[in-house]
Amino acid sequence: MASSKGSGTKMVVWGLMGLLIVGLGGFGTANFGGGVTRVASVGDEDVSTNAYASALQNQMRAIEAQTSQPFSVAQAQDFGLSQQVLDQLLSQAALDAETARVGLSVGDDAVRRELLNIDAFKGLDGKFDAEAYRQALSRNNMTDKTFEDDLRKEAARSLLTGALATGITMPPSYGQVVVDWLGERRTVSVATLEADALETGAPIASDSDIQAWYDAHPDAYTAPEARRITYTWLTPAMIMDEVDLDEDALRKLYDENIDSYIQPERRLVERLVYGSEDEAQAAADRIAAGETSYEDEVTARGLVLIDVDMGDVSEDDLSAEAGPAVFALDGTGVVGPVMSDLGPALYRVNGTLAGSEVSFEEAREELAAVMGTDAAARLISGLLEEFDNDLAEGYTLEDLANETKMELGTMDWTPSSEGGIAAYTAFKQAAAAVTLDDYPEIIELSDGGIFALRLDEIVSATRMPLDEVRDQVTADWEADALQQRLTERAEALETEVATGKLITDLGLPSETFSAITRQDFLSAMPEGFMDAVFAPGLQAGGTTLIPGDSRVVIAKIDTIEPPASTDENTTIAESYITSAAQGAGTDVIDAFTKALRAREGVTINQTALSAVHSQMQ
């Protein structure tokens, strides 16, 4: 089924967390003012500016979390993310309009159940916390009525989409076809023909062969268009030897980061808090008597293990009473009841992480590198404005390199350039954007360094002289010629195998792969081997050639067997049937939603969209 009440709940939680995250960022509750409250509508159902802004920024932050790189509104527009978010909200609005039209809704009890299941509103005891609920909504300038109306709409949409997808199934034959294809087993005998098996040996290129190959393949030996750039740069690493390191400062840095160098023993701990010591003691007695387990006690409280997990903690992380008790335990087990910061509790120790200590002497080299780099970066930062002023007053990059500690360099830059200054993202961006009319300016690097660059000329794509690429041309011709000779010889041998000669009688290295499937990987075989031996129409007794890696593999299909009857294949078939049914259900919902949008009519407020994008810059 493509949609269900459970999936609807997940969407609600995702949406709520998006609002909370964006609210903390100061944008999710943005007030666009001016009476502009919607960016689009489907019929009479609006998509609000705040809903669009929240959804877009939530998706942008998700991408930033995945890539660890900033992701701008401009990029969101260029990559089509903004349009995708708007389309999703328009589809949601279309469904809302339809549920309103047919009078589909849910009662207060259903909304209450959804609300109580949202983890963001639960307290330490795992139960709904009304105060946490009010505070979360208040932080996002939302009222309980607005939020609960959204819950009601989401539940109604889930009912509608669930009804659309209910009953969509795929026939068992669908899964069986997939299993038959994936699980088909073939036993294949192979022989490998390499250069040492050729009577003529490996071919050697003559001057005429080299010239002819060079003339016939101009693109292979043409350097791409490049930007000839002069640059000057300065990084902390270049002036590290000029930075004086104070031993007292190094010692202070060590002390400030002592937790990184001296790690006390830590233990993997879970804590289950009770309302009274009697309740905690009764639970401890039940566990000791074997009547129940720690997991059972957690479940009986309406919690799951993640709710009581404290992670790895040191003795100082625990209360004055709990710390010594927990760390006195030898091995694993349950301790308590002892008084925690939240009340009487049972602690379970699941493992011990040994402590470690790195002395100042052992850490000194690392500390010196950190302090030296930081000091050098500060020194460079103090020079930035001075260097920028020099350029503004007419200094050339050459002047700057001659009169300061900056180093001069030139390069023919292309997007594939790497190493040195070309490894920095800031340089790549500047090199790609600079024009012949631009004046150099100081730009900062990610490591605290700086640079300035000048575009001297655009170097057109140029065919490299033969003398410069002769070795590569020679290698390319010889590899191609060898492959041709190997293929010619292999074709003759394949004919012999096809007429009855055994693979093992060819006088070549040979082996047999038994009952392999399309899902297997044979590292000893060239690329494309599996596709070749499982090619459509290749039957038992058939042969094929697989060239590659300066060799040709001659393969004969000895036997073809159906898939093995295993629980794994049954699971695969069921999985594909379920997946296909879900996909079909999703297609039905998408088609229905598009029909609703076409029927009701979609209106886009481009001015409002531009305002949202502008405010998010």
# chains A, B, ... in the order shown; residues from 1 in each chain; ligands from 1
call {"tool": "select_by_dssp", "arguments": {"residues": "segment 270-460 of chain A", "states": "strand (DSSP E)", "output": "ChimeraX atom specification"}}
result
/A:270-273,309-313,333-340,343-353,356-357,407-413,443-444,450-459
call {"tool": "residues_around", "arguments": {"residues": "segment 336-338 of chain A", "least_positions_apart": "4", "cutoff": "9 Å", "atoms": "only C-alpha atoms", "output": "list in words"}}
result
Glu277, Ala280, Gln281, Ala283, Ala284, Glu321, Ala322, Ala325, Val326, Gly343, Pro344, Ala345, Leu346, Tyr347 and Arg348 of chain A
call {"tool": "write_last_selection", "arguments": {"atoms": "C-alpha atoms", "output": "mmCIF file, in the first residue's frame"}}
result
data_model
loop_
_atom_site.group_PDB
_atom_site.id
_atom_site.type_symbol
_atom_site.label_atom_id
_atom_site.label_comp_id
_atom_site.auth_asym_id
_atom_site.auth_seq_id
_atom_site.Cartn_x
_atom_site.Cartn_y
_atom_site.Cartn_z
ATOM 1 C CA GLU A 277 12.320 3.953 46.418
ATOM 2 C CA ALA A 280 12.459 0.772 42.553
ATOM 3 C CA GLN A 281 13.357 -1.826 45.202
ATOM 4 C CA ALA A 283 11.592 -3.973 40.585
ATOM 5 C CA ALA A 284 15.168 -4.780 41.669
ATOM 6 C CA GLU A 321 25.339 8.223 45.086
ATOM 7 C CA ALA A 322 24.936 6.556 41.693
ATOM 8 C CA ALA A 325 27.722 2.322 42.925
ATOM 9 C CA VAL A 326 27.766 1.972 39.139
ATOM 10 C CA GLY A 343 14.845 10.148 41.818
ATOM 11 C CA PRO A 344 15.428 6.527 42.821
ATOM 12 C CA ALA A 345 16.623 4.506 39.847
ATOM 13 C CA LEU A 346 17.930 1.190 38.625
ATOM 14 C CA TYR A 347 21.086 1.376 36.528
ATOM 15 C CA ARG A 348 22.171 -1.285 34.064
#
call {"tool": "select_by_dssp", "arguments": {"residues": "segment 125-270 of chain A", "states": "alpha helix (DSSP H)", "output": "ChimeraX atom specification"}}
result
/A:130-139,144-165,172-183,207-216,247-256,258-261
call {"tool": "residues_around", "arguments": {"residues": "segment 160-174 of chain A", "least_positions_apart": "2", "cutoff": "12 Å", "atoms": "only C-alpha atoms", "output": "number ranges by chain"}}
result
A: 1-8, 91-92, 94-106, 153-158, 176-181, 570, 572-593
call {"tool": "residues_around", "arguments": {"residues": "Met530 of chain A", "least_positions_apart": "2", "cutoff": "10 Å", "atoms": "only C-alpha atoms", "output": "PDB file with all heavy atoms, in the first residue's frame"}}
result
ATOM      1  N   ILE A 516      26.870 -20.215 -11.080  1.00  0.00           N
ATOM      2  CA  ILE A 516      26.913 -18.781 -10.770  1.00  0.00           C
ATOM      3  C   ILE A 516      25.595 -18.125 -11.188  1.00  0.00           C
ATOM      4  O   ILE A 516      24.883 -18.632 -12.060  1.00  0.00           O
ATOM      5  CB  ILE A 516      28.094 -18.081 -11.476  1.00  0.00           C
ATOM      6  CG1 ILE A 516      27.987 -18.240 -13.000  1.00  0.00           C
ATOM      7  CG2 ILE A 516      29.410 -18.615 -10.956  1.00  0.00           C
ATOM      8  CD1 ILE A 516      29.046 -17.486 -13.772  1.00  0.00           C
ATOM      9  N   THR A 517      25.278 -17.002 -10.551  1.00  0.00           N
ATOM     10  CA  THR A 517      24.074 -16.237 -10.887  1.00  0.00           C
ATOM     11  C   THR A 517      24.473 -14.826 -11.294  1.00  0.00           C
ATOM     12  O   THR A 517      25.632 -14.420 -11.146  1.00  0.00           O
ATOM     13  CB  THR A 517      23.096 -16.156  -9.707  1.00  0.00           C
ATOM     14  OG1 THR A 517      23.633 -15.262  -8.712  1.00  0.00           O
ATOM     15  CG2 THR A 517      22.860 -17.529  -9.084  1.00  0.00           C
ATOM     16  N   ARG A 518      23.509 -14.093 -11.792  1.00  0.00           N
ATOM     17  CA  ARG A 518      23.766 -12.711 -12.211  1.00  0.00           C
ATOM     18  C   ARG A 518      24.240 -11.838 -11.045  1.00  0.00           C
ATOM     19  O   ARG A 518      24.844 -10.795 -11.261  1.00  0.00           O
ATOM     20  CB  ARG A 518      22.502 -12.092 -12.812  1.00  0.00           C
ATOM     21  CG  ARG A 518      22.170 -12.586 -14.213  1.00  0.00           C
ATOM     22  CD  ARG A 518      20.901 -11.927 -14.721  1.00  0.00           C
ATOM     23  NE  ARG A 518      20.676 -12.180 -16.129  1.00  0.00           N
ATOM     24  CZ  ARG A 518      20.055 -13.241 -16.617  1.00  0.00           C
ATOM     25  NH1 ARG A 518      19.593 -14.166 -15.777  1.00  0.00           N
ATOM     26  NH2 ARG A 518      19.884 -13.401 -17.920  1.00  0.00           N
ATOM     27  N   GLN A 519      23.937 -12.242  -9.829  1.00  0.00           N
ATOM     28  CA  GLN A 519      24.298 -11.436  -8.667  1.00  0.00           C
ATOM     29  C   GLN A 519      25.723 -11.699  -8.174  1.00  0.00           C
ATOM     30  O   GLN A 519      26.212 -11.001  -7.301  1.00  0.00           O
ATOM     31  CB  GLN A 519      23.317 -11.707  -7.522  1.00  0.00           C
ATOM     32  CG  GLN A 519      21.874 -11.372  -7.874  1.00  0.00           C
ATOM     33  CD  GLN A 519      20.929 -11.681  -6.737  1.00  0.00           C
ATOM     34  OE1 GLN A 519      20.757 -10.892  -5.815  1.00  0.00           O
ATOM     35  NE2 GLN A 519      20.309 -12.858  -6.800  1.00  0.00           N
ATOM     36  N   ASP A 520      26.382 -12.696  -8.741  1.00  0.00           N
ATOM     37  CA  ASP A 520      27.745 -13.013  -8.322  1.00  0.00           C
ATOM     38  C   ASP A 520      28.737 -12.020  -8.928  1.00  0.00           C
ATOM     39  O   ASP A 520      28.460 -11.371  -9.943  1.00  0.00           O
ATOM     40  CB  ASP A 520      28.120 -14.435  -8.746  1.00  0.00           C
ATOM     41  CG  ASP A 520      27.366 -15.491  -7.953  1.00  0.00           C
ATOM     42  OD1 ASP A 520      27.151 -15.272  -6.747  1.00  0.00           O
ATOM     43  OD2 ASP A 520      26.973 -16.520  -8.540  1.00  0.00           O
ATOM     44  N   PHE A 521      29.894 -11.913  -8.294  1.00  0.00           N
ATOM     45  CA  PHE A 521      30.965 -11.062  -8.800  1.00  0.00           C
ATOM     46  C   PHE A 521      32.242 -11.881  -8.854  1.00  0.00           C
ATOM     47  O   PHE A 521      32.672 -12.452  -7.848  1.00  0.00           O
ATOM     48  CB  PHE A 521      31.162  -9.846  -7.894  1.00  0.00           C
ATOM     49  CG  PHE A 521      32.354  -9.004  -8.277  1.00  0.00           C
ATOM     50  CD1 PHE A 521      32.331  -8.236  -9.426  1.00  0.00           C
ATOM     51  CD2 PHE A 521      33.508  -9.010  -7.484  1.00  0.00           C
ATOM     52  CE1 PHE A 521      33.447  -7.465  -9.787  1.00  0.00           C
ATOM     53  CE2 PHE A 521      34.619  -8.246  -7.839  1.00  0.00           C
ATOM     54  CZ  PHE A 521      34.576  -7.474  -8.993  1.00  0.00           C
ATOM     55  N   LEU A 522      32.856 -11.950 -10.035  1.00  0.00           N
ATOM     56  CA  LEU A 522      34.085 -12.715 -10.221  1.00  0.00           C
ATOM     57  C   LEU A 522      35.215 -11.738 -10.503  1.00  0.00           C
ATOM     58  O   LEU A 522      35.360 -11.224 -11.620  1.00  0.00           O
ATOM     59  CB  LEU A 522      33.924 -13.704 -11.383  1.00  0.00           C
ATOM     60  CG  LEU A 522      32.739 -14.685 -11.254  1.00  0.00           C
ATOM     61  CD1 LEU A 522      32.640 -15.561 -12.498  1.00  0.00           C
ATOM     62  CD2 LEU A 522      32.904 -15.548 -10.010  1.00  0.00           C
ATOM     63  N   MET A 525      37.719 -12.042 -13.532  1.00  0.00           N
ATOM     64  CA  MET A 525      37.242 -11.912 -14.902  1.00  0.00           C
ATOM     65  C   MET A 525      37.142 -10.442 -15.317  1.00  0.00           C
ATOM     66  O   MET A 525      36.962  -9.563 -14.478  1.00  0.00           O
ATOM     67  CB  MET A 525      35.869 -12.569 -15.040  1.00  0.00           C
ATOM     68  CG  MET A 525      35.890 -14.094 -14.897  1.00  0.00           C
ATOM     69  SD  MET A 525      36.773 -14.940 -16.254  1.00  0.00           S
ATOM     70  CE  MET A 525      38.377 -15.270 -15.500  1.00  0.00           C
ATOM     71  N   PRO A 526      37.259 -10.166 -16.622  1.00  0.00           N
ATOM     72  CA  PRO A 526      37.191  -8.776 -17.090  1.00  0.00           C
ATOM     73  C   PRO A 526      35.795  -8.180 -16.917  1.00  0.00           C
ATOM     74  O   PRO A 526      34.800  -8.909 -16.755  1.00  0.00           O
ATOM     75  CB  PRO A 526      37.580  -8.875 -18.567  1.00  0.00           C
ATOM     76  CG  PRO A 526      37.271 -10.277 -18.948  1.00  0.00           C
ATOM     77  CD  PRO A 526      37.521 -11.100 -17.723  1.00  0.00           C
ATOM     78  N   GLU A 527      35.729  -6.864 -16.969  1.00  0.00           N
ATOM     79  CA  GLU A 527      34.457  -6.176 -16.855  1.00  0.00           C
ATOM     80  C   GLU A 527      33.520  -6.617 -17.980  1.00  0.00           C
ATOM     81  O   GLU A 527      33.928  -6.775 -19.126  1.00  0.00           O
ATOM     82  CB  GLU A 527      34.676  -4.657 -16.930  1.00  0.00           C
ATOM     83  CG  GLU A 527      33.426  -3.833 -16.746  1.00  0.00           C
ATOM     84  CD  GLU A 527      33.710  -2.338 -16.798  1.00  0.00           C
ATOM     85  OE1 GLU A 527      34.899  -1.963 -16.863  1.00  0.00           O
ATOM     86  OE2 GLU A 527      32.746  -1.560 -16.771  1.00  0.00           O
ATOM     87  N   GLY A 528      32.269  -6.831 -17.632  1.00  0.00           N
ATOM     88  CA  GLY A 528      31.289  -7.257 -18.623  1.00  0.00           C
ATOM     89  C   GLY A 528      31.148  -8.765 -18.743  1.00  0.00           C
ATOM     90  O   GLY A 528      30.335  -9.253 -19.549  1.00  0.00           O
ATOM     91  N   ALA A 532      27.937 -10.900 -20.367  1.00  0.00           N
ATOM     92  CA  ALA A 532      28.184 -11.698 -21.570  1.00  0.00           C
ATOM     93  C   ALA A 532      27.705 -13.132 -21.406  1.00  0.00           C
ATOM     94  O   ALA A 532      27.046 -13.688 -22.302  1.00  0.00           O
ATOM     95  CB  ALA A 532      29.670 -11.669 -21.917  1.00  0.00           C
ATOM     96  N   VAL A 533      28.009 -13.777 -20.268  1.00  0.00           N
ATOM     97  CA  VAL A 533      27.652 -15.199 -20.117  1.00  0.00           C
ATOM     98  C   VAL A 533      26.172 -15.375 -19.781  1.00  0.00           C
ATOM     99  O   VAL A 533      25.654 -16.497 -19.840  1.00  0.00           O
ATOM    100  CB  VAL A 533      28.536 -15.891 -19.066  1.00  0.00           C
ATOM    101  CG1 VAL A 533      29.996 -15.848 -19.485  1.00  0.00           C
ATOM    102  CG2 VAL A 533      28.352 -15.281 -17.688  1.00  0.00           C
ATOM    103  N   PHE A 534      25.478 -14.279 -19.398  1.00  0.00           N
ATOM    104  CA  PHE A 534      24.044 -14.352 -19.157  1.00  0.00           C
ATOM    105  C   PHE A 534      23.260 -13.617 -20.245  1.00  0.00           C
ATOM    106  O   PHE A 534      22.099 -13.258 -20.052  1.00  0.00           O
ATOM    107  CB  PHE A 534      23.686 -13.758 -17.784  1.00  0.00           C
ATOM    108  CG  PHE A 534      23.932 -14.694 -16.637  1.00  0.00           C
ATOM    109  CD1 PHE A 534      25.152 -14.685 -15.965  1.00  0.00           C
ATOM    110  CD2 PHE A 534      22.963 -15.600 -16.236  1.00  0.00           C
ATOM    111  CE1 PHE A 534      25.389 -15.551 -14.902  1.00  0.00           C
ATOM    112  CE2 PHE A 534      23.186 -16.477 -15.183  1.00  0.00           C
ATOM    113  CZ  PHE A 534      24.411 -16.456 -14.508  1.00  0.00           C
ATOM    114  N   ALA A 535      23.900 -13.420 -21.401  1.00  0.00           N
ATOM    115  CA  ALA A 535      23.242 -12.699 -22.486  1.00  0.00           C
ATOM    116  C   ALA A 535      22.011 -13.458 -22.967  1.00  0.00           C
ATOM    117  O   ALA A 535      22.015 -14.709 -23.040  1.00  0.00           O
ATOM    118  CB  ALA A 535      24.216 -12.493 -23.637  1.00  0.00           C
ATOM    119  N   ILE A 546      34.897 -12.488 -24.237  1.00  0.00           N
ATOM    120  CA  ILE A 546      34.859 -11.278 -23.408  1.00  0.00           C
ATOM    121  C   ILE A 546      36.261 -10.663 -23.423  1.00  0.00           C
ATOM    122  O   ILE A 546      37.174 -11.135 -22.752  1.00  0.00           O
ATOM    123  CB  ILE A 546      34.446 -11.593 -21.955  1.00  0.00           C
ATOM    124  CG1 ILE A 546      33.120 -12.341 -21.911  1.00  0.00           C
ATOM    125  CG2 ILE A 546      34.329 -10.292 -21.168  1.00  0.00           C
ATOM    126  CD1 ILE A 546      33.257 -13.839 -21.787  1.00  0.00           C
TER     127      ILE A 546
END
call {"tool": "residues_around", "arguments": {"residues": "Glu511 of chain A", "least_positions_apart": "6", "cutoff": "9 Å", "atoms": "only C-alpha atoms", "output": "JSON, numbers by chain"}}
result
{"A": [188, 189, 190, 191, 503, 504]}
call {"tool": "write_last_selection", "arguments": {"atoms": "all heavy atoms", "output": "PDB file, in the first residue's frame"}}
result
ATOM      1  N   VAL A 188      29.920 -22.275 -16.089  1.00  0.00           N
ATOM      2  CA  VAL A 188      30.647 -21.717 -17.222  1.00  0.00           C
ATOM      3  C   VAL A 188      32.114 -22.140 -17.151  1.00  0.00           C
ATOM      4  O   VAL A 188      32.766 -21.979 -16.110  1.00  0.00           O
ATOM      5  CB  VAL A 188      30.558 -20.175 -17.223  1.00  0.00           C
ATOM      6  CG1 VAL A 188      31.269 -19.604 -18.452  1.00  0.00           C
ATOM      7  CG2 VAL A 188      29.106 -19.714 -17.178  1.00  0.00           C
ATOM      8  N   SER A 189      32.624 -22.672 -18.277  1.00  0.00           N
ATOM      9  CA  SER A 189      34.048 -22.990 -18.387  1.00  0.00           C
ATOM     10  C   SER A 189      34.716 -21.882 -19.191  1.00  0.00           C
ATOM     11  O   SER A 189      34.175 -21.415 -20.199  1.00  0.00           O
ATOM     12  CB  SER A 189      34.261 -24.336 -19.087  1.00  0.00           C
ATOM     13  OG  SER A 189      33.744 -25.388 -18.295  1.00  0.00           O
ATOM     14  N   VAL A 190      35.894 -21.443 -18.746  1.00  0.00           N
ATOM     15  CA  VAL A 190      36.572 -20.334 -19.415  1.00  0.00           C
ATOM     16  C   VAL A 190      38.034 -20.672 -19.653  1.00  0.00           C
ATOM     17  O   VAL A 190      38.654 -21.441 -18.915  1.00  0.00           O
ATOM     18  CB  VAL A 190      36.473 -19.027 -18.590  1.00  0.00           C
ATOM     19  CG1 VAL A 190      35.023 -18.650 -18.340  1.00  0.00           C
ATOM     20  CG2 VAL A 190      37.223 -19.153 -17.271  1.00  0.00           C
ATOM     21  N   ALA A 191      38.580 -20.070 -20.698  1.00  0.00           N
ATOM     22  CA  ALA A 191      40.021 -20.116 -20.974  1.00  0.00           C
ATOM     23  C   ALA A 191      40.454 -18.685 -21.263  1.00  0.00           C
ATOM     24  O   ALA A 191      39.723 -17.924 -21.902  1.00  0.00           O
ATOM     25  CB  ALA A 191      40.327 -21.020 -22.160  1.00  0.00           C
ATOM     26  N   ILE A 503      37.410 -26.911 -23.583  1.00  0.00           N
ATOM     27  CA  ILE A 503      38.117 -25.701 -23.141  1.00  0.00           C
ATOM     28  C   ILE A 503      39.488 -26.072 -22.577  1.00  0.00           C
ATOM     29  O   ILE A 503      40.497 -25.379 -22.801  1.00  0.00           O
ATOM     30  CB  ILE A 503      37.286 -24.965 -22.056  1.00  0.00           C
ATOM     31  CG1 ILE A 503      36.104 -24.225 -22.691  1.00  0.00           C
ATOM     32  CG2 ILE A 503      38.149 -24.002 -21.249  1.00  0.00           C
ATOM     33  CD1 ILE A 503      36.411 -22.879 -23.269  1.00  0.00           C
ATOM     34  N   THR A 504      39.549 -27.172 -21.858  1.00  0.00           N
ATOM     35  CA  THR A 504      40.803 -27.585 -21.209  1.00  0.00           C
ATOM     36  C   THR A 504      41.847 -28.066 -22.200  1.00  0.00           C
ATOM     37  O   THR A 504      43.018 -28.231 -21.826  1.00  0.00           O
ATOM     38  CB  THR A 504      40.519 -28.693 -20.188  1.00  0.00           C
ATOM     39  OG1 THR A 504      39.783 -29.747 -20.815  1.00  0.00           O
ATOM     40  CG2 THR A 504      39.705 -28.143 -19.022  1.00  0.00           C
TER      41      THR A 504
END
